[in-house]
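Structure file model.cif with mmCIF, C-alpha atoms:
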```cif
data_target
loop_
_atom_site.label_atom_id
_atom_site.label_comp_id
_atom_site.auth_asym_id
_atom_site.auth_seq_id
_atom_site.Cartn_x
_atom_site.Cartn_y
_atom_site.Cartn_z
CA MET A 1 79.38 97.58 64.82
CA PHE A 2 76.86 95.08 66.24
CA SER A 3 74.45 93.46 63.79
CA ASN A 4 71.68 93.41 66.40
CA ALA A 5 70.89 93.88 70.09
CA THR A 6 71.47 90.21 70.90
CA ASP A 7 74.99 90.43 69.47
CA LEU A 8 75.79 93.29 71.83
CA ALA A 9 74.06 91.72 74.84
CA GLY A 10 75.98 88.49 74.26
CA LEU A 11 79.22 90.33 75.06
CA ILE A 12 78.09 91.69 78.40
CA ASP A 13 78.70 90.28 81.88
CA HIS A 14 75.92 92.05 83.80
CA THR A 15 77.80 92.92 86.96
CA CYS A 16 76.48 93.32 90.48
CA LEU A 17 79.49 93.38 92.78
CA SER A 18 78.85 96.15 95.27
CA PRO A 19 79.55 94.87 98.80
CA ALA A 20 76.14 96.18 99.86
CA THR A 21 74.31 94.09 97.21
CA THR A 22 71.11 92.50 98.54
CA GLY A 23 69.09 89.49 97.42
CA GLU A 24 66.63 91.86 95.77
CA ASP A 25 69.43 93.43 93.70
CA ILE A 26 70.46 89.95 92.57
CA ARG A 27 66.95 88.95 91.55
CA ARG A 28 66.55 92.18 89.58
CA ALA A 29 69.90 91.68 87.84
CA CYS A 30 68.99 88.09 86.92
CA ASP A 31 65.67 89.18 85.45
CA GLU A 32 67.35 91.94 83.45
CA ALA A 33 69.96 89.48 82.19
CA ARG A 34 67.29 87.06 81.06
CA ARG A 35 65.33 89.83 79.35
CA PHE A 36 68.27 91.35 77.47
CA ARG A 37 70.07 88.01 76.95
CA PHE A 38 73.33 89.06 78.54
CA ALA A 39 76.20 86.58 78.43
CA SER A 40 76.16 86.27 82.21
CA VAL A 41 75.33 87.86 85.52
CA CYS A 42 78.44 88.45 87.60
CA VAL A 43 77.45 88.18 91.27
CA PRO A 44 79.13 87.93 94.69
CA PRO A 45 80.00 84.35 95.73
CA CYS A 46 77.37 84.33 98.48
CA TYR A 47 74.62 84.83 95.88
CA VAL A 48 75.64 82.20 93.32
CA GLY A 49 73.02 79.69 94.48
CA GLU A 50 70.24 82.26 94.36
CA ALA A 51 71.23 83.51 90.89
CA SER A 52 71.55 79.97 89.60
CA VAL A 53 68.00 79.10 90.66
CA ARG A 54 66.62 82.37 89.32
CA LEU A 55 68.25 81.79 85.91
CA GLN A 56 67.25 78.16 85.49
CA GLY A 57 66.09 77.45 81.96
CA SER A 58 67.78 80.53 80.50
CA ALA A 59 70.96 80.77 78.43
CA VAL A 60 72.45 83.33 80.84
CA ALA A 61 75.54 82.03 82.64
CA VAL A 62 76.23 82.61 86.32
CA CYS A 63 79.63 84.18 86.84
CA THR A 64 81.27 84.90 90.19
CA VAL A 65 84.56 86.17 91.53
CA ILE A 66 87.35 84.36 93.39
CA GLY A 67 89.87 86.07 95.69
CA PHE A 68 88.21 89.31 94.76
CA PRO A 69 89.24 92.08 94.48
CA LEU A 70 92.71 91.94 96.10
CA GLY A 71 93.89 88.42 95.26
CA PHE A 72 96.08 88.00 98.34
CA GLN A 73 94.26 85.14 100.06
CA SER A 74 95.98 81.82 100.69
CA LEU A 75 95.74 79.54 97.69
CA SER A 76 93.85 76.94 99.73
CA VAL A 77 91.17 79.55 100.47
CA LYS A 78 90.85 80.44 96.78
CA ILE A 79 90.55 76.74 95.89
CA HIS A 80 87.83 76.28 98.52
CA GLU A 81 86.05 79.38 97.19
CA ALA A 82 86.18 78.10 93.60
CA ARG A 83 84.86 74.66 94.58
CA GLU A 84 82.07 76.20 96.64
CA ALA A 85 81.09 78.46 93.71
CA ILE A 86 80.92 75.51 91.32
CA ARG A 87 78.93 73.48 93.84
CA CYS A 88 76.40 76.32 94.08
CA GLY A 89 76.00 76.52 90.31
CA ALA A 90 78.59 78.95 88.92
CA ASP A 91 79.39 78.55 85.20
CA GLU A 92 82.19 81.11 85.05
CA LEU A 93 84.84 82.25 87.54
CA ASP A 94 86.75 85.52 87.43
CA LEU A 95 89.89 84.86 89.49
CA MET A 96 91.90 87.69 90.99
CA ILE A 97 95.46 86.42 90.75
CA HIS A 98 98.06 87.10 93.46
CA LEU A 99 99.69 90.31 92.25
CA GLY A 100 102.55 90.02 94.74
CA ALA A 101 103.65 86.83 92.94
CA ILE A 102 103.69 88.71 89.62
CA LYS A 103 105.65 91.59 91.20
CA MET A 104 108.18 89.12 92.64
CA GLY A 105 108.52 87.40 89.25
CA LYS A 106 107.35 84.08 90.70
CA ALA A 107 106.23 82.43 87.48
CA GLY A 108 105.82 79.07 89.20
CA ALA A 109 103.48 80.46 91.86
CA VAL A 110 101.32 82.20 89.25
CA ARG A 111 101.12 79.05 87.11
CA THR A 112 100.35 76.88 90.14
CA GLU A 113 97.51 79.17 91.18
CA VAL A 114 95.94 79.05 87.71
CA ILE A 115 96.35 75.28 87.43
CA LYS A 116 94.84 74.59 90.85
CA ILE A 117 91.88 76.89 90.29
CA ARG A 118 91.28 75.41 86.82
CA LYS A 119 91.21 72.00 88.43
CA ALA A 120 88.85 73.14 91.22
CA ALA A 121 86.59 74.78 88.64
CA SER A 122 86.43 71.85 86.27
CA GLY A 123 84.22 72.68 83.34
CA ALA A 124 83.72 76.35 84.26
CA LEU A 125 85.06 79.15 82.12
CA LEU A 126 87.96 80.78 83.97
CA LYS A 127 89.04 84.39 83.44
CA VAL A 128 92.17 85.57 85.19
CA ILE A 129 92.05 89.18 86.40
CA LEU A 130 95.38 91.00 86.17
CA GLU A 131 94.38 94.37 87.72
CA THR A 132 96.56 96.16 85.21
CA GLY A 133 96.56 99.39 87.24
CA TYR A 134 99.17 97.83 89.54
CA LEU A 135 101.40 96.33 86.83
CA THR A 136 104.14 97.55 84.49
CA GLN A 137 103.92 96.73 80.78
CA LYS A 138 106.49 94.01 81.26
CA GLU A 139 104.60 92.48 84.18
CA LYS A 140 101.34 92.46 82.18
CA ILE A 141 103.04 90.56 79.34
CA SER A 142 104.74 88.05 81.69
CA ALA A 143 101.47 87.47 83.55
CA CYS A 144 99.66 86.71 80.27
CA ARG A 145 102.37 84.26 79.28
CA TRP A 146 102.27 82.45 82.65
CA CYS A 147 98.47 82.28 82.55
CA ARG A 148 98.59 80.81 79.06
CA GLU A 149 101.28 78.29 80.04
CA ALA A 150 98.98 77.18 82.85
CA GLY A 151 96.11 76.66 80.45
CA ALA A 152 94.06 79.86 80.99
CA ILE A 153 92.81 81.38 77.75
CA TRP A 154 90.90 84.34 79.19
CA VAL A 155 92.43 87.35 80.92
CA LYS A 156 90.54 90.32 82.36
CA THR A 157 91.87 93.85 82.71
CA SER A 158 90.61 95.02 86.09
CA THR A 159 88.27 94.51 89.02
CA GLY A 160 86.59 97.92 89.04
CA PHE A 161 87.91 98.36 92.61
CA GLY A 162 91.54 99.06 91.69
CA PRO A 163 93.43 102.23 90.82
CA LYS A 164 92.44 102.09 87.15
CA GLY A 165 89.60 100.76 85.01
CA ALA A 166 89.82 99.13 81.59
CA ALA A 167 92.06 101.04 79.15
CA VAL A 168 91.96 100.53 75.38
CA SER A 169 95.76 100.29 75.37
CA ASP A 170 95.68 97.48 77.96
CA VAL A 171 93.04 95.54 76.05
CA ARG A 172 95.24 95.74 72.94
CA LEU A 173 98.34 94.70 74.88
CA LEU A 174 96.62 91.77 76.63
CA LYS A 175 95.02 90.60 73.39
CA THR A 176 98.44 90.35 71.78
CA ALA A 177 100.11 88.89 74.87
CA ILE A 178 97.55 86.16 75.50
CA GLY A 179 98.08 85.02 71.91
CA ASN A 180 96.19 82.92 69.38
CA GLY A 181 92.98 81.44 70.70
CA GLY A 182 93.10 83.70 73.75
CA PHE A 183 90.45 86.17 74.87
CA VAL A 184 90.25 89.43 76.80
CA LYS A 185 87.49 90.65 79.11
CA ALA A 186 87.48 94.41 79.58
CA ALA A 187 86.02 95.60 82.89
CA GLY A 188 86.14 98.65 85.14
CA GLY A 189 84.59 102.02 84.36
CA ILE A 190 82.80 100.96 81.13
CA ARG A 191 79.66 103.07 81.30
CA ASN A 192 78.33 103.64 77.78
CA LEU A 193 78.07 102.25 74.26
CA LYS A 194 80.97 104.28 72.94
CA SER A 195 83.25 102.78 75.55
CA VAL A 196 82.00 99.24 74.78
CA GLU A 197 82.69 99.79 71.08
CA ALA A 198 86.20 101.07 71.79
CA MET A 199 86.98 97.99 73.91
CA VAL A 200 85.63 95.57 71.31
CA ARG A 201 87.58 97.33 68.57
CA ALA A 202 90.73 96.94 70.69
CA GLY A 203 90.13 93.19 70.97
CA ALA A 204 87.80 92.58 73.92
CA SER A 205 85.50 89.56 73.63
CA ARG A 206 83.59 90.22 76.83
CA ILE A 207 82.63 93.41 78.68
CA GLY A 208 82.10 93.57 82.44
CA THR A 209 79.83 96.45 83.42
CA SER A 210 77.10 97.35 85.90
CA ARG A 211 75.56 99.59 83.23
CA GLY A 212 74.37 96.83 80.88
CA VAL A 213 70.75 97.91 80.87
CA GLU A 214 71.61 101.56 80.15
CA ILE A 215 73.99 100.48 77.39
CA MET A 216 71.34 98.28 75.75
CA ARG A 217 68.83 101.14 75.89
CA GLU A 218 71.38 103.46 74.34
CA TYR A 219 71.94 100.95 71.52
CA ILE A 220 68.21 100.44 70.92
CA ARG A 221 67.53 104.20 70.87
CA GLY A 222 70.35 104.71 68.33
CA ARG A 223 69.13 101.85 66.14
CA ASP A 224 65.51 103.09 66.19
CA ARG A 225 66.63 106.59 65.19
CA SER A 226 68.66 105.40 62.20
CA MET B 227 98.04 113.05 124.86
CA PHE B 228 100.43 110.06 124.91
CA SER B 229 102.77 109.72 127.86
CA ASN B 230 105.51 108.27 125.66
CA ALA B 231 106.28 106.80 122.24
CA THR B 232 105.50 103.25 123.37
CA ASP B 233 102.01 104.32 124.43
CA LEU B 234 101.32 105.67 120.96
CA ALA B 235 102.93 102.72 119.14
CA GLY B 236 100.85 100.31 121.23
CA LEU B 237 97.70 101.66 119.58
CA ILE B 238 98.87 101.13 116.02
CA ASP B 239 98.13 98.21 113.70
CA HIS B 240 100.97 98.66 111.18
CA THR B 241 99.10 97.94 107.98
CA CYS B 242 100.40 96.48 104.76
CA LEU B 243 97.36 95.53 102.68
CA SER B 244 98.11 96.65 99.14
CA PRO B 245 97.30 93.83 96.71
CA ALA B 246 100.77 94.26 95.19
CA THR B 247 102.52 93.68 98.55
CA THR B 248 105.61 91.48 98.23
CA GLY B 249 107.49 89.31 100.71
CA GLU B 250 110.08 92.05 101.02
CA ASP B 251 107.39 94.60 101.98
CA ILE B 252 106.20 92.20 104.69
CA ARG B 253 109.68 91.66 106.11
CA ARG B 254 110.29 95.41 106.23
CA ALA B 255 106.91 96.02 107.94
CA CYS B 256 107.66 93.33 110.53
CA ASP B 257 111.05 94.82 111.31
CA GLU B 258 109.53 98.30 111.65
CA ALA B 259 106.82 96.92 113.94
CA ARG B 260 109.40 95.26 116.17
CA ARG B 261 111.51 98.41 116.30
CA PHE B 262 108.66 100.82 117.12
CA ARG B 263 106.70 98.26 119.22
CA PHE B 264 103.48 98.54 117.28
CA ALA B 265 100.48 96.59 118.57
CA SER B 266 100.46 94.45 115.42
CA VAL B 267 101.35 94.14 111.78
CA CYS B 268 98.23 93.78 109.65
CA VAL B 269 99.15 91.67 106.61
CA PRO B 270 97.41 89.83 103.74
CA PRO B 271 96.34 86.28 104.61
CA CYS B 272 98.94 84.75 102.28
CA TYR B 273 101.76 86.33 104.31
CA VAL B 274 100.63 85.38 107.83
CA GLY B 275 103.10 82.49 108.09
CA GLU B 276 106.01 84.64 106.97
CA ALA B 277 105.12 87.49 109.35
CA SER B 278 104.64 85.08 112.22
CA VAL B 279 108.13 83.62 111.78
CA ARG B 280 109.70 87.07 111.35
CA LEU B 281 108.10 88.33 114.57
CA GLN B 282 108.91 85.35 116.76
CA GLY B 283 110.08 86.43 120.19
CA SER B 284 108.56 89.90 119.90
CA ALA B 285 105.43 91.30 121.52
CA VAL B 286 104.04 92.39 118.14
CA ALA B 287 100.86 90.52 117.18
CA VAL B 288 100.15 89.23 113.67
CA CYS B 289 96.83 90.52 112.41
CA THR B 290 95.19 89.56 109.12
CA VAL B 291 91.94 90.17 107.28
CA ILE B 292 89.05 87.80 106.53
CA GLY B 293 86.58 88.27 103.65
CA PHE B 294 88.43 91.46 102.87
CA PRO B 295 87.53 94.06 101.71
CA LEU B 296 84.04 93.30 100.35
CA GLY B 297 82.70 90.72 102.80
CA PHE B 298 80.45 88.96 100.31
CA GLN B 299 82.10 85.53 100.27
CA SER B 300 80.20 82.43 101.34
CA LEU B 301 80.36 81.94 105.09
CA SER B 302 82.10 78.57 104.63
CA VAL B 303 84.89 80.33 102.73
CA LYS B 304 85.32 82.90 105.49
CA ILE B 305 85.44 80.13 108.10
CA HIS B 306 88.09 78.30 106.08
CA GLU B 307 90.04 81.54 105.73
CA ALA B 308 89.89 82.22 109.48
CA ARG B 309 91.01 78.67 110.36
CA GLU B 310 93.86 78.86 107.85
CA ALA B 311 94.99 82.22 109.29
CA ILE B 312 95.05 80.85 112.83
CA ARG B 313 96.88 77.73 111.67
CA CYS B 314 99.56 79.95 110.07
CA GLY B 315 100.02 81.97 113.25
CA ALA B 316 97.58 84.91 113.22
CA ASP B 317 96.82 86.43 116.63
CA GLU B 318 94.16 88.87 115.45
CA LEU B 319 91.53 88.76 112.68
CA ASP B 320 89.79 91.75 111.13
CA LEU B 321 86.60 90.30 109.63
CA MET B 322 84.70 92.13 106.89
CA ILE B 323 81.09 91.32 107.70
CA HIS B 324 78.49 90.69 104.95
CA LEU B 325 77.04 94.16 104.39
CA GLY B 326 74.13 92.81 102.33
CA ALA B 327 72.90 91.00 105.46
CA ILE B 328 73.01 94.26 107.42
CA LYS B 329 71.16 96.08 104.59
CA MET B 330 68.49 93.36 104.52
CA GLY B 331 68.11 93.57 108.32
CA LYS B 332 69.12 89.92 108.73
CA ALA B 333 70.18 90.04 112.36
CA GLY B 334 70.39 86.24 112.53
CA ALA B 335 72.78 86.01 109.59
CA VAL B 336 75.06 88.71 111.01
CA ARG B 337 75.12 87.03 114.43
CA THR B 338 75.73 83.60 112.90
CA GLU B 339 78.68 84.93 110.89
CA VAL B 340 80.28 86.47 113.98
CA ILE B 341 79.68 83.37 116.11
CA LYS B 342 81.10 80.98 113.49
CA ILE B 343 84.19 83.11 112.89
CA ARG B 344 84.75 83.52 116.62
CA LYS B 345 84.63 79.75 116.93
CA ALA B 346 87.00 79.25 113.97
CA ALA B 347 89.37 81.83 115.44
CA SER B 348 89.43 80.43 118.94
CA GLY B 349 91.71 82.52 121.10
CA ALA B 350 92.38 85.20 118.50
CA LEU B 351 91.22 88.77 118.93
CA LEU B 352 88.38 89.40 116.47
CA LYS B 353 87.51 92.86 115.13
CA VAL B 354 84.41 93.17 112.97
CA ILE B 355 84.70 95.70 110.14
CA LEU B 356 81.47 97.55 109.39
CA GLU B 357 82.62 99.65 106.38
CA THR B 358 80.56 102.56 107.64
CA GLY B 359 80.69 104.36 104.27
CA TYR B 360 77.97 101.98 103.00
CA LEU B 361 75.72 102.16 106.08
CA THR B 362 73.08 104.50 107.48
CA GLN B 363 73.32 105.63 111.11
CA LYS B 364 70.58 103.17 112.01
CA GLU B 365 72.36 100.31 110.25
CA LYS B 366 75.63 101.12 112.05
CA ILE B 367 73.88 100.96 115.42
CA SER B 368 72.03 97.71 114.61
CA ALA B 369 75.24 96.11 113.33
CA CYS B 370 77.06 96.97 116.56
CA ARG B 371 74.22 95.50 118.61
CA TRP B 372 74.20 92.26 116.59
CA CYS B 373 77.99 91.96 116.83
CA ARG B 374 77.84 92.41 120.58
CA GLU B 375 75.01 89.90 120.94
CA ALA B 376 77.21 87.41 119.07
CA GLY B 377 80.10 88.01 121.47
CA ALA B 378 82.28 90.39 119.44
CA ILE B 379 83.65 93.25 121.51
CA TRP B 380 85.68 95.01 118.80
CA VAL B 381 84.30 96.84 115.78
CA LYS B 382 86.32 98.62 113.10
CA THR B 383 85.16 101.57 111.03
CA SER B 384 86.43 100.82 107.52
CA THR B 385 88.72 98.82 105.27
CA GLY B 386 90.55 101.68 103.57
CA PHE B 387 89.20 100.35 100.24
CA GLY B 388 85.63 101.59 100.62
CA PRO B 389 83.90 104.87 99.78
CA LYS B 390 84.96 106.52 103.05
CA GLY B 391 87.75 106.29 105.62
CA ALA B 392 87.50 106.59 109.38
CA ALA B 393 85.40 109.55 110.54
CA VAL B 394 85.51 111.00 114.05
CA SER B 395 81.71 110.98 114.13
CA ASP B 396 81.61 107.25 113.29
CA VAL B 397 84.17 106.40 115.95
CA ARG B 398 82.03 108.21 118.51
CA LEU B 399 78.84 106.52 117.30
CA LEU B 400 80.39 103.02 117.26
CA LYS B 401 81.98 103.53 120.69
CA THR B 402 78.56 104.28 122.16
CA ALA B 403 76.77 101.57 120.18
CA ILE B 404 79.20 98.77 121.02
CA GLY B 405 78.65 99.59 124.70
CA ASN B 406 80.47 98.92 127.94
CA GLY B 407 83.58 96.82 127.58
CA GLY B 408 83.52 97.28 123.80
CA PHE B 409 86.30 98.72 121.65
CA VAL B 410 86.63 100.58 118.35
CA LYS B 411 89.42 100.36 115.79
CA ALA B 412 89.60 103.38 113.50
CA ALA B 413 91.09 102.69 110.05
CA GLY B 414 91.08 104.22 106.60
CA GLY B 415 92.81 107.46 105.62
CA ILE B 416 94.59 108.04 108.96
CA ARG B 417 97.83 109.63 107.83
CA ASN B 418 99.23 111.80 110.62
CA LEU B 419 99.47 112.33 114.36
CA LYS B 420 96.70 114.91 114.46
CA SER B 421 94.31 112.42 112.91
CA VAL B 422 95.37 109.66 115.35
CA GLU B 423 94.78 112.02 118.28
CA ALA B 424 91.32 112.95 117.01
CA MET B 425 90.36 109.28 116.67
CA VAL B 426 91.63 108.40 120.15
CA ARG B 427 89.81 111.38 121.63
CA ALA B 428 86.61 110.14 119.93
CA GLY B 429 87.00 106.73 121.56
CA ALA B 430 89.27 104.62 119.33
CA SER B 431 91.41 102.03 121.12
CA ARG B 432 93.32 100.91 118.04
CA ILE B 433 94.42 102.71 114.86
CA GLY B 434 94.91 100.96 111.52
CA THR B 435 97.30 102.85 109.28
CA SER B 436 100.03 102.25 106.72
CA ARG B 437 101.74 105.45 107.95
CA GLY B 438 102.79 104.16 111.35
CA VAL B 439 106.47 104.92 110.87
CA GLU B 440 105.80 108.49 109.68
CA ILE B 441 103.41 109.04 112.60
CA MET B 442 105.97 107.80 115.12
CA ARG B 443 108.62 110.09 113.61
CA GLU B 444 106.21 113.01 113.78
CA TYR B 445 105.56 112.24 117.46
CA ILE B 446 109.28 111.93 118.28
CA ARG B 447 110.14 115.19 116.47
CA GLY B 448 107.38 117.01 118.39
CA ARG B 449 108.50 115.55 121.72
CA ASP B 450 112.15 116.44 121.10
CA ARG B 451 111.21 120.02 120.24
CA SER B 452 109.14 120.56 123.37
#
```
Whole structure, C-alpha cells version:
Amino acid sequence: MFSNATDLAGLIDHTCLSPATTGEDIRRACDEARRFRFASVCVPPCYVGEASVRLQGSAVAVCTVIGFPLGFQSLSVKIHEAREAIRCGADELDLMIHLGAIKMGKAGAVRTEVIKIRKAASGALLKVILETGYLTQKEKISACRWCREAGAIWVKTSTGFGPKGAAVSDVRLLKTAIGNGGFVKAAGGIRNLKSVEAMVRAGASRIGTSRGVEIMREYIRGRDRS
Amino acid sequence: MFSNATDLAGLIDHTCLSPATTGEDIRRACDEARRFRFASVCVPPCYVGEASVRLQGSAVAVCTVIGFPLGFQSLSVKIHEAREAIRCGADELDLMIHLGAIKMGKAGAVRTEVIKIRKAASGALLKVILETGYLTQKEKISACRWCREAGAIWVKTSTGFGPKGAAVSDVRLLKTAIGNGGFVKAAGGIRNLKSVEAMVRAGASRIGTSRGVEIMREYIRGRDRS
C-alpha cells in the first residue's frame, strides 16, 4: 500500500496529548518525528514553543490543538489560543468545533467560528475536529458543509478523548461530505498498521496516533520479511 | 446525615459539561438548580452569560471551568478564559491545573498558575482540579501544598473526563493535605445518594454531579418513607 517508509511516515501526526505530558515526553516525540520523518508532532498548546525550537531545520511540522477536546470555550478564548499557538511557532491547528452549535443547527455560528480561527491562524493548516461520536449522520454531513463554506478543507474524525475513535465508515462519510479538494484526518484509537491502511483506503490523508513509532517498526519488519 | 433537602442541595454543583450541551440543556439545568436550590450550576464557558441571566435573582451561583479538562493550555489562554468567564457573570471557577508541571515537580509554575488565575478571577471562588487519576500519592500531596501556598483553599478531585472519578480515599487525602480552612470538591462518577454521603463523610464540602435531580429525588423518597 505504501511505496516506502517515508510515504507512510508522511501521513502520520505523531501525537502526544496526554494531560500529564512533560517536557521530556515532548523532546522525545520531536526526536522520533525527525528520525522517522513524520508529517508533524501534535503537542499540547503549552509545549508549542519547545517543540518548534527542537524541530528547527527539519521538515516536521508542529501541530497543536485549539479548544481541545470539548470545544465549548468562548470563541474569543479559542481565537486567543490560536493566535498564541501561531506566535509560538505552530504550523498546523486542530480545532475542536463547538458541538452544541452543530446540535442546535446554528450554521452561522459554526461558519463564524471557522472563519475567525482561519483568520487568527493565517498561513497555518487548519483541521476541524467533528468528534463524530457525538453526532448523527445528518449532523456530520451538515458540519462538513458548513466547514467547507467557511473555507476549511480539512476535517478530523475525533479527539481520542470522546466516546468513539476513528471509524472507517466515518472517514468514508466525511471524505464524501467535505467534497472535491477536501481532506480527512482520522484520529482516535488507531494503534497498528492494519488500522492505518483501513483508514487510508477509506479516504484518510492524515493519521493522528500516539503509536507512530510502533507502526513504523511494524511496517519495516513486514517489508524486511517480504 | 442531612438535616433537610436544602442542606443536601447546598452541597451540589449541578453539572452540565457534555461537549454536546445546547442552550436548551443549560436553561433546563438553571431552572432545576433554582427549584432545588443547588449551590451552583456548572456550565461550559460559552454558556456562562446565558446561565447568569437565567439565574438572576436566585441564590444559585454560576460556576464554569477553565483549561478544562486537560489543563495543558498556555497560561495566557487560561488567564484570558478566566477573565472572560468573570466578565460574563461567573461566580465560581474550576481550574484544571497543568498536570505536566506537577509531574515535573515545578512548584513555581504551579503556584504561578494559581496566583495568576486568582488575580484574573478576583472575587470568584476558585477550585483547583488535580485530576487525581494521573497523580501519585506524593504528587497529590505536593500539589495541594503548592495550591495552598498560592492562596487556593479549594481543591477538586477530578474532571469526570479523566481515567478515574472521585474516590473516597482521595477525598480523605486531599482534605488532610489542603489543611486547616481548606475544602475539597468531589466530582466524577458520583451518581447516587449513597455515593454523596460517602464523599461528605470523607471530608468533601461540595459535590460535582450531573445527577443532582435524581439524587434529590432519592433523598426526598427516603425521607418521605421514614
Separation of atom CA of Leu99 of chain A from atom CA of Phe387 of chain B in Å: 16.6 Å
Explicit residues for the PyMOL selection byres ((chain B and resi 442-448) around 10) (as a PyMOL selection string): chain B and resi 228+230-232+234-235+238+262+264+418-420+437-441+449-452
Atom-to-atom span, atom CA of Gly297 of chain B and atom CA of Ala20 of chain A, Å: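 Value for the atom CA of Gly297 of chain B-atom CA of Ala20 of chain A distance: 9.0 Å.
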Interface, chain A side, toward chain B (7 Å; only C-alpha atoms) as an NGL selection string: :A and (19-22 or 44-46 or 70-74 or 77 or 80-81 or 99-100 or 103-104 or 134)
Output check: residues returned by the PyMOL selection byres ((chain A and resi 140) around 10), as a list in words: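 Selection result, ordered by chain and number: Ile102, Leu130, Glu131, Thr132, Gly133, Tyr134, Leu135, Thr136, Gln137, Lys138, Glu139, Ile141, Ser142, Ala143, Cys144, Arg145, Thr157, Asp170, Leu173, Leu174, Ala177 and Ile178 of chain A.
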Create the file for the chosen residues now, containing C-alpha atoms and written as a PDB file, in the coordinates of the input.
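Final file, part22.pdb:
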```pdb
ATOM      1  CA  ILE A 102     103.690  88.710  89.620  1.00  0.00           C
ATOM      2  CA  LEU A 130      95.380  91.000  86.170  1.00  0.00           C
ATOM      3  CA  GLU A 131      94.380  94.370  87.720  1.00  0.00           C
ATOM      4  CA  THR A 132      96.560  96.160  85.210  1.00  0.00           C
ATOM      5  CA  GLY A 133      96.560  99.390  87.240  1.00  0.00           C
ATOM      6  CA  TYR A 134      99.170  97.830  89.540  1.00  0.00           C
ATOM      7  CA  LEU A 135     101.400  96.330  86.830  1.00  0.00           C
ATOM      8  CA  THR A 136     104.140  97.550  84.490  1.00  0.00           C
ATOM      9  CA  GLN A 137     103.920  96.730  80.780  1.00  0.00           C
ATOM     10  CA  LYS A 138     106.490  94.010  81.260  1.00  0.00           C
ATOM     11  CA  GLU A 139     104.600  92.480  84.180  1.00  0.00           C
ATOM     12  CA  ILE A 141     103.040  90.560  79.340  1.00  0.00           C
ATOM     13  CA  SER A 142     104.740  88.050  81.690  1.00  0.00           C
ATOM     14  CA  ALA A 143     101.470  87.470  83.550  1.00  0.00           C
ATOM     15  CA  CYS A 144      99.660  86.710  80.270  1.00  0.00           C
ATOM     16  CA  ARG A 145     102.370  84.260  79.280  1.00  0.00           C
ATOM     17  CA  THR A 157      91.870  93.850  82.710  1.00  0.00           C
ATOM     18  CA  ASP A 170      95.680  97.480  77.960  1.00  0.00           C
ATOM     19  CA  LEU A 173      98.340  94.700  74.880  1.00  0.00           C
ATOM     20  CA  LEU A 174      96.620  91.770  76.630  1.00  0.00           C
ATOM     21  CA  ALA A 177     100.110  88.890  74.870  1.00  0.00           C
ATOM     22  CA  ILE A 178      97.550  86.160  75.500  1.00  0.00           C
TER      23      ILE A 178
END
```
Residues selected by the PyMOL selection byres ((chain A and resi 183) around 8), written as a list in words: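 The output of the PyMOL selection byres ((chain A and resi 183) around 8) on this file is Ile153, Trp154, Val155, Lys175, Ile178, Gly181, Gly182, Val184, Lys185, Ala204 and Ser205 of chain A.
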Residue neighbourhood Gly415 of chain B, 10 Å, all atoms listed in the file, exclusion window fewer than 4 positions, as a short mmCIF file (atom, residue, chain, number, x, y, z; two decimals) with C-alpha atoms, keeping the file's coordinate frame:
```cif
data_model
loop_
_atom_site.label_atom_id
_atom_site.label_comp_id
_atom_site.auth_asym_id
_atom_site.auth_seq_id
_atom_site.Cartn_x
_atom_site.Cartn_y
_atom_site.Cartn_z
CA SER B 384 86.43 100.82 107.52
CA THR B 385 88.72 98.82 105.27
CA GLY B 386 90.55 101.68 103.57
CA PHE B 387 89.20 100.35 100.24
CA LYS B 390 84.96 106.52 103.05
CA GLY B 391 87.75 106.29 105.62
CA ALA B 392 87.50 106.59 109.38
CA ALA B 393 85.40 109.55 110.54
CA SER B 421 94.31 112.42 112.91
CA GLY B 434 94.91 100.96 111.52
CA THR B 435 97.30 102.85 109.28
CA SER B 436 100.03 102.25 106.72
CA ARG B 437 101.74 105.45 107.95
#
```
Atom CA of Gly349 of chain B to atom CA of Cys268 of chain B, straight-line distance in Å: 17.3 Å
Edge lengths and centre, in Å to one decimal, as lines of an AutoDock Vina configuration file: that's what I need for the box along x, y and z that holds all listed atoms of segment 272-286 of chain B plus 6 Å on each side.
```
center_x = 104.5
center_y = 87.4
center_z = 111.9
size_x = 23.1
size_y = 21.9
size_z = 31.2
```
Among the residues B:Asn406, B:Thr338, B:Ser278, B:Ser266, the one that comes closest to Ile312 of chain B [using only C-alpha atoms]: B:Ser278
All residues 12 Å or closer to Val53 of chain A, all atoms listed in the file, same chain fewer than 3 positions away omitted, as number ranges by chain: A: 26-27, 30-31, 47-50, 56-58, 60-62, 88-90
For the residues in the current selection, export C-alpha atoms as a short mmCIF file (atom, residue, chain, number, x, y, z; two decimals), in the coordinates of the input.
```
data_model
loop_
_atom_site.label_atom_id
_atom_site.label_comp_id
_atom_site.auth_asym_id
_atom_site.auth_seq_id
_atom_site.Cartn_x
_atom_site.Cartn_y
_atom_site.Cartn_z
CA ILE A 26 70.46 89.95 92.57
CA ARG A 27 66.95 88.95 91.55
CA CYS A 30 68.99 88.09 86.92
CA ASP A 31 65.67 89.18 85.45
CA TYR A 47 74.62 84.83 95.88
CA VAL A 48 75.64 82.20 93.32
CA GLY A 49 73.02 79.69 94.48
CA GLU A 50 70.24 82.26 94.36
CA GLN A 56 67.25 78.16 85.49
CA GLY A 57 66.09 77.45 81.96
CA SER A 58 67.78 80.53 80.50
CA VAL A 60 72.45 83.33 80.84
CA ALA A 61 75.54 82.03 82.64
CA VAL A 62 76.23 82.61 86.32
CA CYS A 88 76.40 76.32 94.08
CA GLY A 89 76.00 76.52 90.31
CA ALA A 90 78.59 78.95 88.92
#
```
